[in-house]
Every structure is written in structure tokens, then in C-alpha cells.
file query-v2.pdb (PDB, C-alpha atoms)
ATOM      1  CA  MET W  13      21.485 -26.702  -8.813
ATOM      2  CA  SER W  14      19.876 -24.568  -6.160
ATOM      3  CA  ALA W  15      21.868 -22.902  -3.391
ATOM      4  CA  LEU W  16      18.756 -22.980  -1.245
ATOM      5  CA  GLU W  17      19.634 -25.975   0.900
ATOM      6  CA  PRO W  18      18.597 -26.074   4.555
ATOM      7  CA  GLY W  19      21.199 -24.331   6.700
ATOM      8  CA  ALA W  20      22.889 -22.610   3.759
ATOM      9  CA  GLU W  21      24.432 -19.235   4.541
ATOM     10  CA  LEU W  22      23.727 -16.996   1.571
ATOM     11  CA  PRO W  23      26.396 -14.552   0.406
ATOM     12  CA  ALA W  24      25.851 -11.113   1.917
ATOM     13  CA  GLN W  25      24.975  -8.353  -0.528
ATOM     14  CA  ARG W  26      25.855  -4.693  -0.001
ATOM     15  CA  TYR W  27      24.029  -1.710  -1.424
ATOM     16  CA  ALA W  28      24.846   1.991  -1.211
ATOM     17  CA  VAL W  29      21.997   4.328  -0.297
ATOM     18  CA  ARG W  30      22.360   8.026  -1.045
ATOM     19  CA  ARG W  31      19.920  10.926  -0.979
ATOM     20  CA  ALA W  32      19.554  10.728  -4.755
ATOM     21  CA  ASP W  33      18.484   7.078  -4.442
ATOM     22  CA  LEU W  34      15.676   8.114  -2.106
ATOM     23  CA  ILE W  35      14.446  10.722  -4.583
ATOM     24  CA  ARG W  36      14.518   8.160  -7.356
ATOM     25  CA  TYR W  37      12.686   5.619  -5.198
ATOM     26  CA  ALA W  38      10.077   8.232  -4.257
ATOM     27  CA  GLY W  39       9.335   8.751  -7.937
ATOM     28  CA  ALA W  40       9.305   5.065  -8.794
ATOM     29  CA  SER W  41       7.128   4.008  -5.860
ATOM     30  CA  GLY W  42       4.876   7.050  -5.580
ATOM     31  CA  ASP W  43       5.784   7.598  -1.914
ATOM     32  CA  PHE W  44       6.596  11.308  -1.668
ATOM     33  CA  ASN W  45       6.456  11.499   2.123
ATOM     34  CA  PRO W  46       8.752  14.478   2.848
ATOM     35  CA  ILE W  47      10.463  12.651   5.747
ATOM     36  CA  HIS W  48      12.366  10.881   2.951
ATOM     37  CA  TRP W  49      13.732  14.069   1.362
ATOM     38  CA  SER W  50      13.360  17.038   3.742
ATOM     39  CA  ASP W  51      15.479  17.316   6.889
ATOM     40  CA  ARG W  52      13.218  20.132   8.030
ATOM     41  CA  VAL W  53      10.092  17.957   7.963
ATOM     42  CA  ALA W  54      11.881  14.835   9.258
ATOM     43  CA  THR W  55      13.237  16.611  12.326
ATOM     44  CA  SER W  56       9.865  18.319  12.922
ATOM     45  CA  VAL W  57       8.324  14.895  13.621
ATOM     46  CA  GLY W  58      11.185  13.812  15.876
ATOM     47  CA  LEU W  59      13.347  11.889  13.407
ATOM     48  CA  PRO W  60      17.132  12.425  13.427
ATOM     49  CA  GLY W  61      17.018  13.554   9.783
ATOM     50  CA  VAL W  62      15.955  12.269   6.384
ATOM     51  CA  ILE W  63      15.390   8.518   6.548
ATOM     52  CA  ALA W  64      15.209   5.946   3.767
ATOM     53  CA  HIS W  65      11.778   4.627   2.855
ATOM     54  CA  GLY W  66      11.293   1.394   4.767
ATOM     55  CA  MET W  67      10.105  -0.036   1.476
ATOM     56  CA  PHE W  68      13.366   1.001  -0.175
ATOM     57  CA  THR W  69      15.329  -1.055   2.357
ATOM     58  CA  MET W  70      12.839  -3.896   1.909
ATOM     59  CA  ALA W  71      13.278  -3.637  -1.874
ATOM     60  CA  LEU W  72      17.042  -4.067  -1.408
ATOM     61  CA  ALA W  73      16.386  -7.132   0.760
ATOM     62  CA  ALA W  74      14.099  -8.460  -1.988
ATOM     63  CA  ARG W  75      16.847  -7.824  -4.530
ATOM     64  CA  ALA W  76      19.231 -10.013  -2.533
ATOM     65  CA  VAL W  77      16.532 -12.693  -2.253
ATOM     66  CA  ALA W  78      15.966 -12.592  -6.031
ATOM     67  CA  ASP W  79      19.709 -13.076  -6.589
ATOM     68  CA  TRP W  80      19.906 -15.994  -4.191
ATOM     69  CA  ALA W  81      16.750 -17.612  -5.554
ATOM     70  CA  ASP W  82      17.993 -17.142  -9.126
ATOM     71  CA  GLY W  83      14.636 -15.799 -10.234
ATOM     72  CA  GLY W  84      12.616 -18.324  -8.206
ATOM     73  CA  GLU W  85       9.135 -17.074  -7.356
ATOM     74  CA  VAL W  86       8.757 -15.255  -4.057
ATOM     75  CA  VAL W  87       5.571 -16.365  -2.287
ATOM     76  CA  GLU W  88       5.950 -14.433   0.943
ATOM     77  CA  LEU W  89       7.980 -11.434   2.095
ATOM     78  CA  GLY W  90       7.711  -9.498   5.318
ATOM     79  CA  CYS W  91       9.556  -7.446   7.928
ATOM     80  CA  LYS W  92       9.209  -4.871  10.646
ATOM     81  CA  PHE W  93      10.897  -1.495  10.284
ATOM     82  CA  THR W  94      12.663  -1.408  13.621
ATOM     83  CA  ASN W  95      15.385   1.201  13.170
ATOM     84  CA  PRO W  96      15.305   4.099  10.729
ATOM     85  CA  VAL W  97      18.058   4.258   8.098
ATOM     86  CA  VAL W  98      19.250   7.832   8.375
ATOM     87  CA  VAL W  99      20.757   8.966   5.067
ATOM     88  CA  PRO W 100      23.088  11.972   5.355
ATOM     89  CA  ASP W 101      23.182  14.732   2.761
ATOM     90  CA  ASP W 102      26.631  13.865   1.432
ATOM     91  CA  ASP W 103      28.151  11.929  -1.473
ATOM     92  CA  GLU W 104      28.810   8.689   0.406
ATOM     93  CA  GLY W 105      25.404   7.973   1.916
ATOM     94  CA  VAL W 106      25.179   4.754   3.891
ATOM     95  CA  GLU W 107      25.529   1.067   3.138
ATOM     96  CA  ILE W 108      22.857  -1.563   3.659
ATOM     97  CA  GLU W 109      24.003  -5.151   4.056
ATOM     98  CA  VAL W 110      21.624  -8.034   3.418
ATOM     99  CA  ALA W 111      22.603 -11.510   4.613
ATOM    100  CA  GLY W 112      20.443 -14.611   4.718
ATOM    101  CA  THR W 113      20.201 -18.137   6.067
ATOM    102  CA  VAL W 114      17.990 -20.883   4.675
ATOM    103  CA  LYS W 115      15.957 -21.998   7.661
ATOM    104  CA  SER W 116      14.047 -24.818   6.020
ATOM    105  CA  VAL W 117      12.988 -26.275   2.704
ATOM    106  CA  THR W 118       9.574 -27.929   2.770
ATOM    107  CA  ASP W 119       7.349 -28.940  -0.150
ATOM    108  CA  GLY W 120       9.559 -26.998  -2.551
ATOM    109  CA  LEU W 121       9.378 -23.813  -0.496
ATOM    110  CA  ALA W 122      12.529 -22.383   1.075
ATOM    111  CA  THR W 123      12.190 -20.120   4.096
ATOM    112  CA  ILE W 124      15.012 -17.576   4.285
ATOM    113  CA  ALA W 125      15.718 -15.609   7.466
ATOM    114  CA  LEU W 126      17.362 -12.327   6.534
ATOM    115  CA  GLN W 127      19.661 -10.043   8.466
ATOM    116  CA  VAL W 128      19.493  -6.496   7.190
ATOM    117  CA  THR W 129      21.915  -4.041   8.767
ATOM    118  CA  CYS W 130      23.222  -0.525   8.311
ATOM    119  CA  GLY W 131      26.530   0.305   9.986
ATOM    120  CA  GLY W 132      26.312  -2.950  11.943
ATOM    121  CA  GLN W 133      22.888  -2.139  13.365
ATOM    122  CA  LYS W 134      19.821  -4.176  12.468
ATOM    123  CA  VAL W 135      17.322  -2.007  10.621
ATOM    124  CA  LEU W 136      14.656  -4.593   9.777
ATOM    125  CA  GLY W 137      12.998  -6.796  12.379
ATOM    126  CA  MET W 138      12.417 -10.464  11.572
ATOM    127  CA  PRO W 139      12.812 -10.021   7.814
ATOM    128  CA  LYS W 140      11.762 -13.245   6.144
ATOM    129  CA  ALA W 141      11.177 -14.517   2.634
ATOM    130  CA  VAL W 142       9.596 -17.716   1.357
ATOM    131  CA  VAL W 143      10.599 -18.676  -2.181
ATOM    132  CA  ARG W 144      10.079 -21.632  -4.511
ATOM    133  CA  ALA W 145      13.318 -23.581  -4.297
TER     134      ALA W 145
ATOM    135  CA  MET U  21      -5.351  14.682  16.505
ATOM    136  CA  ALA U  22      -6.103  11.053  17.272
ATOM    137  CA  VAL U  23      -7.396   8.858  14.498
ATOM    138  CA  ASP U  24     -11.127   8.076  14.562
ATOM    139  CA  GLN U  25     -11.686   4.782  16.423
ATOM    140  CA  SER U  26     -14.740   3.892  14.378
ATOM    141  CA  LEU U  27     -12.449   3.261  11.393
ATOM    142  CA  VAL U  28     -11.674  -0.286  12.506
ATOM    143  CA  GLY U  29     -13.169  -2.746  10.054
ATOM    144  CA  ARG U  30     -13.875  -0.123   7.445
ATOM    145  CA  GLU U  31     -13.126  -0.999   3.825
ATOM    146  CA  PHE U  32     -12.168   1.859   1.531
ATOM    147  CA  PRO U  33     -13.132   1.970  -2.154
ATOM    148  CA  PRO U  34     -10.827   0.110  -4.567
ATOM    149  CA  THR U  35      -8.145   2.195  -6.235
ATOM    150  CA  ARG U  36      -8.511   3.197  -9.871
ATOM    151  CA  PRO U  37      -7.352   0.317 -12.126
ATOM    152  CA  TYR U  38      -3.601   0.530 -12.675
ATOM    153  CA  THR U  39      -1.999  -0.939 -15.783
ATOM    154  CA  VAL U  40       1.459  -2.320 -15.039
ATOM    155  CA  SER U  41       3.820  -1.223 -17.826
ATOM    156  CA  GLU U  42       7.251  -2.548 -18.628
ATOM    157  CA  GLU U  43       8.623   0.992 -18.361
ATOM    158  CA  LYS U  44       7.211   1.460 -14.868
ATOM    159  CA  VAL U  45       8.696  -1.857 -13.756
ATOM    160  CA  ARG U  46      12.043  -0.848 -15.305
ATOM    161  CA  GLU U  47      11.915   2.461 -13.426
ATOM    162  CA  PHE U  48      11.168   0.632 -10.167
ATOM    163  CA  VAL U  49      14.003  -1.862 -10.684
ATOM    164  CA  ARG U  50      16.441   0.923 -11.537
ATOM    165  CA  ALA U  51      15.404   2.843  -8.443
ATOM    166  CA  THR U  52      16.713  -0.058  -6.371
ATOM    167  CA  GLY U  53      19.943  -0.294  -8.344
ATOM    168  CA  GLY U  54      19.058  -3.207 -10.607
ATOM    169  CA  GLU U  55      18.582  -3.677 -14.334
ATOM    170  CA  TYR U  56      15.283  -4.997 -15.682
ATOM    171  CA  ASP U  57      15.444  -7.464 -18.548
ATOM    172  CA  GLY U  58      11.803  -8.460 -18.801
ATOM    173  CA  GLY U  59       9.669 -10.894 -16.848
ATOM    174  CA  PRO U  60       7.897 -10.459 -13.517
ATOM    175  CA  ALA U  61       8.097  -7.281 -11.458
ATOM    176  CA  PRO U  62      10.202  -7.320  -8.256
ATOM    177  CA  ALA U  63       8.555  -8.700  -5.123
ATOM    178  CA  THR U  64       7.985  -5.291  -3.533
ATOM    179  CA  PHE U  65       6.464  -3.741  -6.675
ATOM    180  CA  PRO U  66       2.875  -4.229  -5.405
ATOM    181  CA  ILE U  67       3.655  -1.486  -2.874
ATOM    182  CA  VAL U  68       2.891   0.947  -5.714
ATOM    183  CA  LEU U  69      -0.731  -0.263  -5.503
ATOM    184  CA  ALA U  70      -0.714  -0.503  -1.712
ATOM    185  CA  PHE U  71       0.587   3.079  -1.416
ATOM    186  CA  ASP U  72      -2.124   4.282  -3.754
ATOM    187  CA  ALA U  73      -4.749   2.706  -1.496
ATOM    188  CA  MET U  74      -3.009   4.039   1.619
ATOM    189  CA  PHE U  75      -2.881   7.605   0.287
ATOM    190  CA  GLY U  76      -6.593   7.379  -0.534
ATOM    191  CA  PHE U  77      -7.280   6.321   3.035
ATOM    192  CA  LEU U  78      -5.066   9.032   4.600
ATOM    193  CA  ASP U  79      -6.608  11.670   2.361
ATOM    194  CA  ALA U  80     -10.154  10.566   3.178
ATOM    195  CA  GLU U  81      -9.367  10.752   6.894
ATOM    196  CA  SER U  82      -7.364  14.010   6.659
ATOM    197  CA  ILE U  83      -4.279  12.326   8.134
ATOM    198  CA  ASP U  84      -0.990  14.116   7.326
ATOM    199  CA  LEU U  85       1.363  11.879   5.361
ATOM    200  CA  PHE U  86       4.447  13.462   6.957
ATOM    201  CA  ARG U  87       3.294  12.180  10.371
ATOM    202  CA  ILE U  88       3.251   8.599   9.094
ATOM    203  CA  VAL U  89       6.147   6.204   9.634
ATOM    204  CA  HIS U  90       6.009   2.658   8.300
ATOM    205  CA  GLY U  91       5.932   0.056  11.093
ATOM    206  CA  ASP U  92       5.878  -3.212   9.186
ATOM    207  CA  GLN U  93       4.898  -4.681   5.842
ATOM    208  CA  LYS U  94       4.104  -8.177   4.723
ATOM    209  CA  PHE U  95       3.223  -9.555   1.291
ATOM    210  CA  THR U  96       1.704 -12.912   0.467
ATOM    211  CA  TYR U  97       1.679 -13.609  -3.256
ATOM    212  CA  GLU U  98      -0.700 -15.719  -5.292
ATOM    213  CA  ARG U  99       1.411 -15.072  -8.380
ATOM    214  CA  PRO U 100       4.054 -12.574  -9.528
ATOM    215  CA  VAL U 101       2.970  -9.247 -11.034
ATOM    216  CA  VAL U 102       3.754  -9.007 -14.751
ATOM    217  CA  PRO U 103       3.562  -6.127 -17.246
ATOM    218  CA  GLY U 104       0.095  -5.941 -18.725
ATOM    219  CA  ASP U 105      -1.626  -6.680 -15.426
ATOM    220  CA  VAL U 106      -4.458  -4.328 -14.583
ATOM    221  CA  LEU U 107      -4.471  -4.134 -10.814
ATOM    222  CA  SER U 108      -6.512  -2.500  -8.098
ATOM    223  CA  ALA U 109      -6.015  -2.373  -4.328
ATOM    224  CA  THR U 110      -8.708  -2.384  -1.668
ATOM    225  CA  LEU U 111      -7.642  -1.284   1.806
ATOM    226  CA  THR U 112      -9.293  -2.237   5.080
ATOM    227  CA  VAL U 113      -8.419  -0.779   8.472
ATOM    228  CA  ALA U 114      -7.784  -3.893  10.545
ATOM    229  CA  SER U 115      -6.796  -2.436  13.902
ATOM    230  CA  LEU U 116      -6.165   0.792  15.720
ATOM    231  CA  ARG U 117      -4.493   1.468  19.033
ATOM    232  CA  GLN U 118      -2.776   4.352  20.771
ATOM    233  CA  ILE U 119       0.686   4.117  22.290
ATOM    234  CA  GLY U 120       2.397   7.144  23.804
ATOM    235  CA  GLY U 121       0.521   9.718  21.760
ATOM    236  CA  ASN U 122       0.977   7.769  18.521
ATOM    237  CA  ASP U 123      -1.758   5.958  16.608
ATOM    238  CA  ILE U 124      -0.775   2.482  15.469
ATOM    239  CA  ILE U 125      -2.913   1.768  12.418
ATOM    240  CA  GLY U 126      -3.076  -1.793  11.101
ATOM    241  CA  THR U 127      -4.171  -2.088   7.481
ATOM    242  CA  THR U 128      -4.654  -4.902   5.011
ATOM    243  CA  SER U 129      -4.915  -4.494   1.257
ATOM    244  CA  ARG U 130      -6.065  -6.966  -1.348
ATOM    245  CA  ILE U 131      -4.511  -6.467  -4.744
ATOM    246  CA  THR U 132      -6.624  -7.991  -7.470
ATOM    247  CA  ASP U 133      -6.342  -8.263 -11.244
ATOM    248  CA  ALA U 134      -8.822  -7.326 -13.987
ATOM    249  CA  ASP U 135     -10.715 -10.600 -13.406
ATOM    250  CA  GLY U 136     -11.016  -9.844  -9.715
ATOM    251  CA  ALA U 137      -8.590 -12.645  -8.846
ATOM    252  CA  LEU U 138      -6.304 -12.076  -5.867
ATOM    253  CA  VAL U 139      -2.696 -11.404  -6.923
ATOM    254  CA  CYS U 140      -1.219 -10.322  -3.609
ATOM    255  CA  ALA U 141      -2.477  -9.785  -0.081
ATOM    256  CA  THR U 142      -0.518  -7.297   1.936
ATOM    257  CA  SER U 143      -0.621  -5.928   5.453
ATOM    258  CA  ALA U 144       1.002  -2.799   6.798
ATOM    259  CA  THR U 145       1.284  -1.109  10.139
ATOM    260  CA  LEU U 146       1.360   2.671   9.918
ATOM    261  CA  VAL U 147       2.591   4.674  12.881
ATOM    262  CA  HIS U 148       0.887   8.049  13.013
ATOM    263  CA  ARG U 149       3.078  10.302  15.118
ATOM    264  CA  GLY U 150       0.911  12.579  17.207
ATOM    265  CA  ALA U 151       1.708  16.280  17.329
ATOM    266  CA  ASP U 152       2.868  15.945  20.957
ATOM    267  CA  ALA U 153       4.757  12.685  20.529
TER     268      ALA U 153
END

call {"tool": "encode", "arguments": {"input": "query-v2.pdb", "output": "C-alpha cells"}}
result
Amino acid sequence: MSALEPGAELPAQRYAVRRADLIRYAGASGDFNPIHWSDRVATSVGLPGVIAHGMFTMALAARAVADWADGGEVVELGCKFTNPVVVPDDDEGVEIEVAGTVKSVTDGLATIALQVTCGGQKVLGMPKAVVRA
Amino acid sequence: MAVDQSLVGREFPPTRPYTVSEEKVREFVRATGGEYDGGPAPATFPIVLAFDAMFGFLDAESIDLFRIVHGDQKFTYERPVVPGDVLSATLTVASLRQIGGNDIIGTTSRITDADGALVCATSATLVHRGADA
């Protein structure tokens, strides 16, 4: 029985993001842009400090989608990176929350509108996934 | 330094064939806090290929990676990526505009398998922060 019924509110998922997670993601993804590990470089280009890879946040959103879809195939995934996720150099880091609403189910494809926030602020713009329901 | 306007429409050479291994997928899943127990790679895994193509493009154009911030990303999948796939990405510069001293670079990448069949089409907007921005 699929939870992906039109209008369904999907259970919000929460993920901790610490500096060490960014280092690990850099290695796994191959994105070693220093704005994701060096405060010196990040601030030199006008950022408030080290920020999470946009793709790391998107990967967390995709993880929530995979849970909700119970392994159902993802056919489309997209978002804008509207607000940087600034990750402090401490042991707590920050928390990303991923919530979702099933907008429609058509021809076996469920469209999920996501809400991805950090500290109550939206960090992804118009995040959306289409999965086989 | 502004990015060369004549880049629009240019297709860069395909990336070196990349063999997707179970260990690399496991590393990627772990980097986003999950546990991999076989099967398809996560939905954002193709970014490994897309990054490879993007770095080739930035390198060819002498664009500093640390000045790049990710604006948006979208994936459209023909099928999931699975271990054993031999993939390559081909990047095209789709658009280029300047806003407030920043270059907004629109790219598309086609990720194909060993048979040349499309696995995933992806688009990304890269924001190149100008030195004075």
C-alpha cells in the first residue's frame, strides 16, 4: 500500500549536518570546492562562512523521497539553491528538515512538492520530485 | 574576469568513462547518512558524473572553482544508475548572462551508458562570483 496518495502530507525527516559531513560528502561526490570546508575562502567570496554543498542538501531531500517512495523509482528531481546552509565549526552543526506533500498522482507518477528548511528558513527553492507510485 | 560570451552553445568533450562500483555507491550513501544494501544508486549520485564534466569545463575556461556557487540543479532520469554501469557525461553551455558582476552560467549535461543510451539528463546553473561582487 503506497503512502503516495494525492494530498498526502509525508512525515518530515530531520538530518544533522556537521563540518565532518561536508568533508565526507566532498570525498564521496568529488566536489572539493573550498567554500565547503574553508572559512577563509568562503568569506573571501562574500559568504558568511563555510556552507553545505547544495548537492548535499539535495541528497538529503532525495533520501527523504526514497523513504517515502519505499524504493520507488525517481524519474525527476530538481530544486533551486536559494539560501546557503551555513555550517558552524562546532559539534552540533545544523539540522535540515525535509517535508513533502503529494501534489498529484497521474499515470502512476506521483509529484511531490518538498519543503526543505534549516532553522525554519527555506534553503531550497521549489524542490520537487516525481516518483513511480 | 567575465566569462567568455562565445561559450554559449559549446559542447565540451565527454568525460572519461566512469565505472560505477558498489563501494563508491556505498561511500556516497554513507556520506548522506544512509546505509547501502545493494540495488540502484541514490537519485543524486549522477552528480558525480556531472561534477566531473563541470570541472573539465571550468578548467578548460580557467574559471576558479572557489568563485562558483550552485544556483539550481535538475535531473530527469531514463533509468536508475546501478553498479556496473559505465557512464560518461557531456556538458553543453546553454546560457550565459551577467547580473551584478556575477556570471550566471546555465549548463546541461547528458549522462550516457556504455551503449551511448541516455541514463540521465541534468541541468545546472552555476553562479560565478566576480572578483568585485

call {"tool": "atom_distance", "arguments": {"input": "query-v2.pdb", "atom1": "CA of Val68 in chain U", "atom2": "CA of Asp43 in chain W"}}
result
8.2 Å

call {"tool": "residues_around", "arguments": {"input": "query-v2.pdb", "residues": "Ala76 in chain W", "least_positions_apart": "6", "cutoff": "10 Å", "atoms": "all atoms listed in the file", "output": "list in words"}}
result
Leu22, Pro23, Ala24, Gln25, Arg26, Tyr27, Met70, Asp82, Glu109, Val110, Ala111, Gly112 and Leu126 of chain W

call {"tool": "residues_around", "arguments": {"input": "query-v2.pdb", "residues": "Glu43 in chain U", "least_positions_apart": "3", "cutoff": "12 Å", "atoms": "only C-alpha atoms", "output": "ChimeraX atom specification"}}
result
/W:40 /U:39-40,46-50,55-58,61,102-104

call {"tool": "closest_atom_pairs", "arguments": {"input": "query-v2.pdb", "of": "chain W", "to": "chain U", "cutoff": "9 Å", "atoms": "only C-alpha atoms", "output": "JSON lines"}}
result
{"residue": "W:Tyr27", "atom": "CA", "partner": "U:Gly53", "partner_atom": "CA", "distance": 8.2}
{"residue": "W:Ala28", "atom": "CA", "partner": "U:Gly53", "partner_atom": "CA", "distance": 9.0}
{"residue": "W:Asp33", "atom": "CA", "partner": "U:Ala51", "partner_atom": "CA", "distance": 6.6}
{"residue": "W:Leu34", "atom": "CA", "partner": "U:Ala51", "partner_atom": "CA", "distance": 8.2}
{"residue": "W:Ile35", "atom": "CA", "partner": "U:Ala51", "partner_atom": "CA", "distance": 8.8}
{"residue": "W:Arg36", "atom": "CA", "partner": "U:Ala51", "partner_atom": "CA", "distance": 5.5}
{"residue": "W:Tyr37", "atom": "CA", "partner": "U:Ala51", "partner_atom": "CA", "distance": 5.1}
{"residue": "W:Ala38", "atom": "CA", "partner": "U:Ala51", "partner_atom": "CA", "distance": 8.7}
{"residue": "W:Gly39", "atom": "CA", "partner": "U:Ala51", "partner_atom": "CA", "distance": 8.5}
{"residue": "W:Ala40", "atom": "CA", "partner": "U:Phe48", "partner_atom": "CA", "distance": 5.0}
{"residue": "W:Ser41", "atom": "CA", "partner": "U:Val68", "partner_atom": "CA", "distance": 5.2}
{"residue": "W:Gly42", "atom": "CA", "partner": "U:Val68", "partner_atom": "CA", "distance": 6.4}
{"residue": "W:Asp43", "atom": "CA", "partner": "U:Phe71", "partner_atom": "CA", "distance": 6.9}
{"residue": "W:Phe44", "atom": "CA", "partner": "U:Leu85", "partner_atom": "CA", "distance": 8.8}
{"residue": "W:Asn45", "atom": "CA", "partner": "U:Phe86", "partner_atom": "CA", "distance": 5.6}
{"residue": "W:Pro46", "atom": "CA", "partner": "U:Phe86", "partner_atom": "CA", "distance": 6.0}
{"residue": "W:Ile47", "atom": "CA", "partner": "U:Phe86", "partner_atom": "CA", "distance": 6.2}
{"residue": "W:Val53", "atom": "CA", "partner": "U:Phe86", "partner_atom": "CA", "distance": 7.3}
{"residue": "W:Ala54", "atom": "CA", "partner": "U:Phe86", "partner_atom": "CA", "distance": 7.9}
{"residue": "W:Val57", "atom": "CA", "partner": "U:Arg87", "partner_atom": "CA", "distance": 6.6}
{"residue": "W:Gly58", "atom": "CA", "partner": "U:Ala153", "partner_atom": "CA", "distance": 8.0}
{"residue": "W:His65", "atom": "CA", "partner": "U:His90", "partner_atom": "CA", "distance": 8.2}
{"residue": "W:Gly66", "atom": "CA", "partner": "U:His90", "partner_atom": "CA", "distance": 6.5}
{"residue": "W:Met67", "atom": "CA", "partner": "U:Thr64", "partner_atom": "CA", "distance": 7.6}
{"residue": "W:Phe68", "atom": "CA", "partner": "U:Thr52", "partner_atom": "CA", "distance": 7.1}
{"residue": "W:Thr69", "atom": "CA", "partner": "U:Thr52", "partner_atom": "CA", "distance": 8.9}
{"residue": "W:Met70", "atom": "CA", "partner": "U:Thr64", "partner_atom": "CA", "distance": 7.4}
{"residue": "W:Ala71", "atom": "CA", "partner": "U:Thr64", "partner_atom": "CA", "distance": 5.8}
{"residue": "W:Leu72", "atom": "CA", "partner": "U:Thr52", "partner_atom": "CA", "distance": 6.4}
{"residue": "W:Ala74", "atom": "CA", "partner": "U:Ala63", "partner_atom": "CA", "distance": 6.4}
{"residue": "W:Arg75", "atom": "CA", "partner": "U:Pro62", "partner_atom": "CA", "distance": 7.6}
{"residue": "W:Ala78", "atom": "CA", "partner": "U:Pro62", "partner_atom": "CA", "distance": 8.1}
{"residue": "W:Glu85", "atom": "CA", "partner": "U:Pro100", "partner_atom": "CA", "distance": 7.1}
{"residue": "W:Val86", "atom": "CA", "partner": "U:Ala63", "partner_atom": "CA", "distance": 6.6}
{"residue": "W:Val87", "atom": "CA", "partner": "U:Tyr97", "partner_atom": "CA", "distance": 4.9}
{"residue": "W:Glu88", "atom": "CA", "partner": "U:Thr96", "partner_atom": "CA", "distance": 4.5}
{"residue": "W:Leu89", "atom": "CA", "partner": "U:Phe95", "partner_atom": "CA", "distance": 5.2}
{"residue": "W:Gly90", "atom": "CA", "partner": "U:Lys94", "partner_atom": "CA", "distance": 3.9}
{"residue": "W:Cys91", "atom": "CA", "partner": "U:Asp92", "partner_atom": "CA", "distance": 5.7}
{"residue": "W:Lys92", "atom": "CA", "partner": "U:Asp92", "partner_atom": "CA", "distance": 4.0}
{"residue": "W:Phe93", "atom": "CA", "partner": "U:Gly91", "partner_atom": "CA", "distance": 5.3}
{"residue": "W:Thr94", "atom": "CA", "partner": "U:Gly91", "partner_atom": "CA", "distance": 7.3}
{"residue": "W:Leu136", "atom": "CA", "partner": "U:Asp92", "partner_atom": "CA", "distance": 8.9}
{"residue": "W:Gly137", "atom": "CA", "partner": "U:Asp92", "partner_atom": "CA", "distance": 8.6}

call {"tool": "residues_around", "arguments": {"input": "query-v2.pdb", "residues": "Asp123 in chain U", "least_positions_apart": "5", "cutoff": "9 Å", "atoms": "only C-alpha atoms", "output": "PyMOL selection string"}}
result
chain U and resi 22-23+116-118+146-150

call {"tool": "resolve_selection", "arguments": {"input": "query-v2.pdb", "expression": "the PyMOL selection byres ((chain U and resi 36) around 10)", "output": "mmCIF file with C-alpha atoms, keeping the file's coordinate frame"}}
result
data_model
loop_
_atom_site.group_PDB
_atom_site.id
_atom_site.type_symbol
_atom_site.label_atom_id
_atom_site.label_comp_id
_atom_site.auth_asym_id
_atom_site.auth_seq_id
_atom_site.Cartn_x
_atom_site.Cartn_y
_atom_site.Cartn_z
ATOM 1 C CA PRO U 33 -13.132 1.970 -2.154
ATOM 2 C CA PRO U 34 -10.827 0.110 -4.567
ATOM 3 C CA THR U 35 -8.145 2.195 -6.235
ATOM 4 C CA PRO U 37 -7.352 0.317 -12.126
ATOM 5 C CA TYR U 38 -3.601 0.530 -12.675
ATOM 6 C CA THR U 39 -1.999 -0.939 -15.783
ATOM 7 C CA LEU U 69 -0.731 -0.263 -5.503
ATOM 8 C CA ASP U 72 -2.124 4.282 -3.754
ATOM 9 C CA ALA U 73 -4.749 2.706 -1.496
ATOM 10 C CA VAL U 106 -4.458 -4.328 -14.583
ATOM 11 C CA LEU U 107 -4.471 -4.134 -10.814
ATOM 12 C CA SER U 108 -6.512 -2.500 -8.098
ATOM 13 C CA ALA U 109 -6.015 -2.373 -4.328
ATOM 14 C CA THR U 110 -8.708 -2.384 -1.668
#

call {"tool": "atom_distance", "arguments": {"input": "query-v2.pdb", "atom1": "CA of Val62 in chain W", "atom2": "CA of Pro100 in chain W"}}
result
7.2 Å

call {"tool": "atom_distance", "arguments": {"input": "query-v2.pdb", "atom1": "CA of Thr129 in chain W", "atom2": "CA of Ile108 in chain W"}}
result
5.8 Å

call {"tool": "closest_residue", "arguments": {"input": "query-v2.pdb", "among": "W:Pro96, W:Gly120, W:Gly105, W:Gly61", "to": "Gly84 in chain W", "atoms": "only C-alpha atoms"}}
result
W:Gly120

call {"tool": "axis_aligned_box", "arguments": {"input": "query-v2.pdb", "around": "range 135-145 of chain W", "padding_each_side": "8 Å", "output": "lines of an AutoDock Vina configuration file"}}
result
center_x = 13.5
center_y = -12.8
center_z = 3.9
size_x = 23.7
size_y = 37.6
size_z = 32.9

call {"tool": "residues_around", "arguments": {"input": "query-v2.pdb", "residues": "Val77 in chain W", "least_positions_apart": "4", "cutoff": "8 Å", "atoms": "only C-alpha atoms", "output": "compact mmCIF listing (two decimals) with C-alpha atoms, in the coordinates of the input"}}
result
# COMPACT_ATOMS: atom_id res chain seq x y z
CA ALA W 73 16.39 -7.13 0.76
CA ALA W 81 16.75 -17.61 -5.55
CA ALA W 141 11.18 -14.52 2.63

call {"tool": "closest_residue", "arguments": {"input": "query-v2.pdb", "among": "W:Val114, W:Val97, W:Ala20, W:Val135", "to": "Leu59 in chain W", "atoms": "all atoms listed in the file"}}
result
W:Val97

call {"tool": "residues_around", "arguments": {"input": "query-v2.pdb", "residues": "Leu121 in chain W", "least_positions_apart": "6", "cutoff": "6 Å", "atoms": "all atoms listed in the file", "output": "count of residues only"}}
result
3

call {"tool": "closest_residue", "arguments": {"input": "query-v2.pdb", "among": "W:Glu21, W:Ala15, W:Gly83, W:Ala64", "to": "Gln127 in chain W", "atoms": "all atoms listed in the file"}}
result
W:Glu21
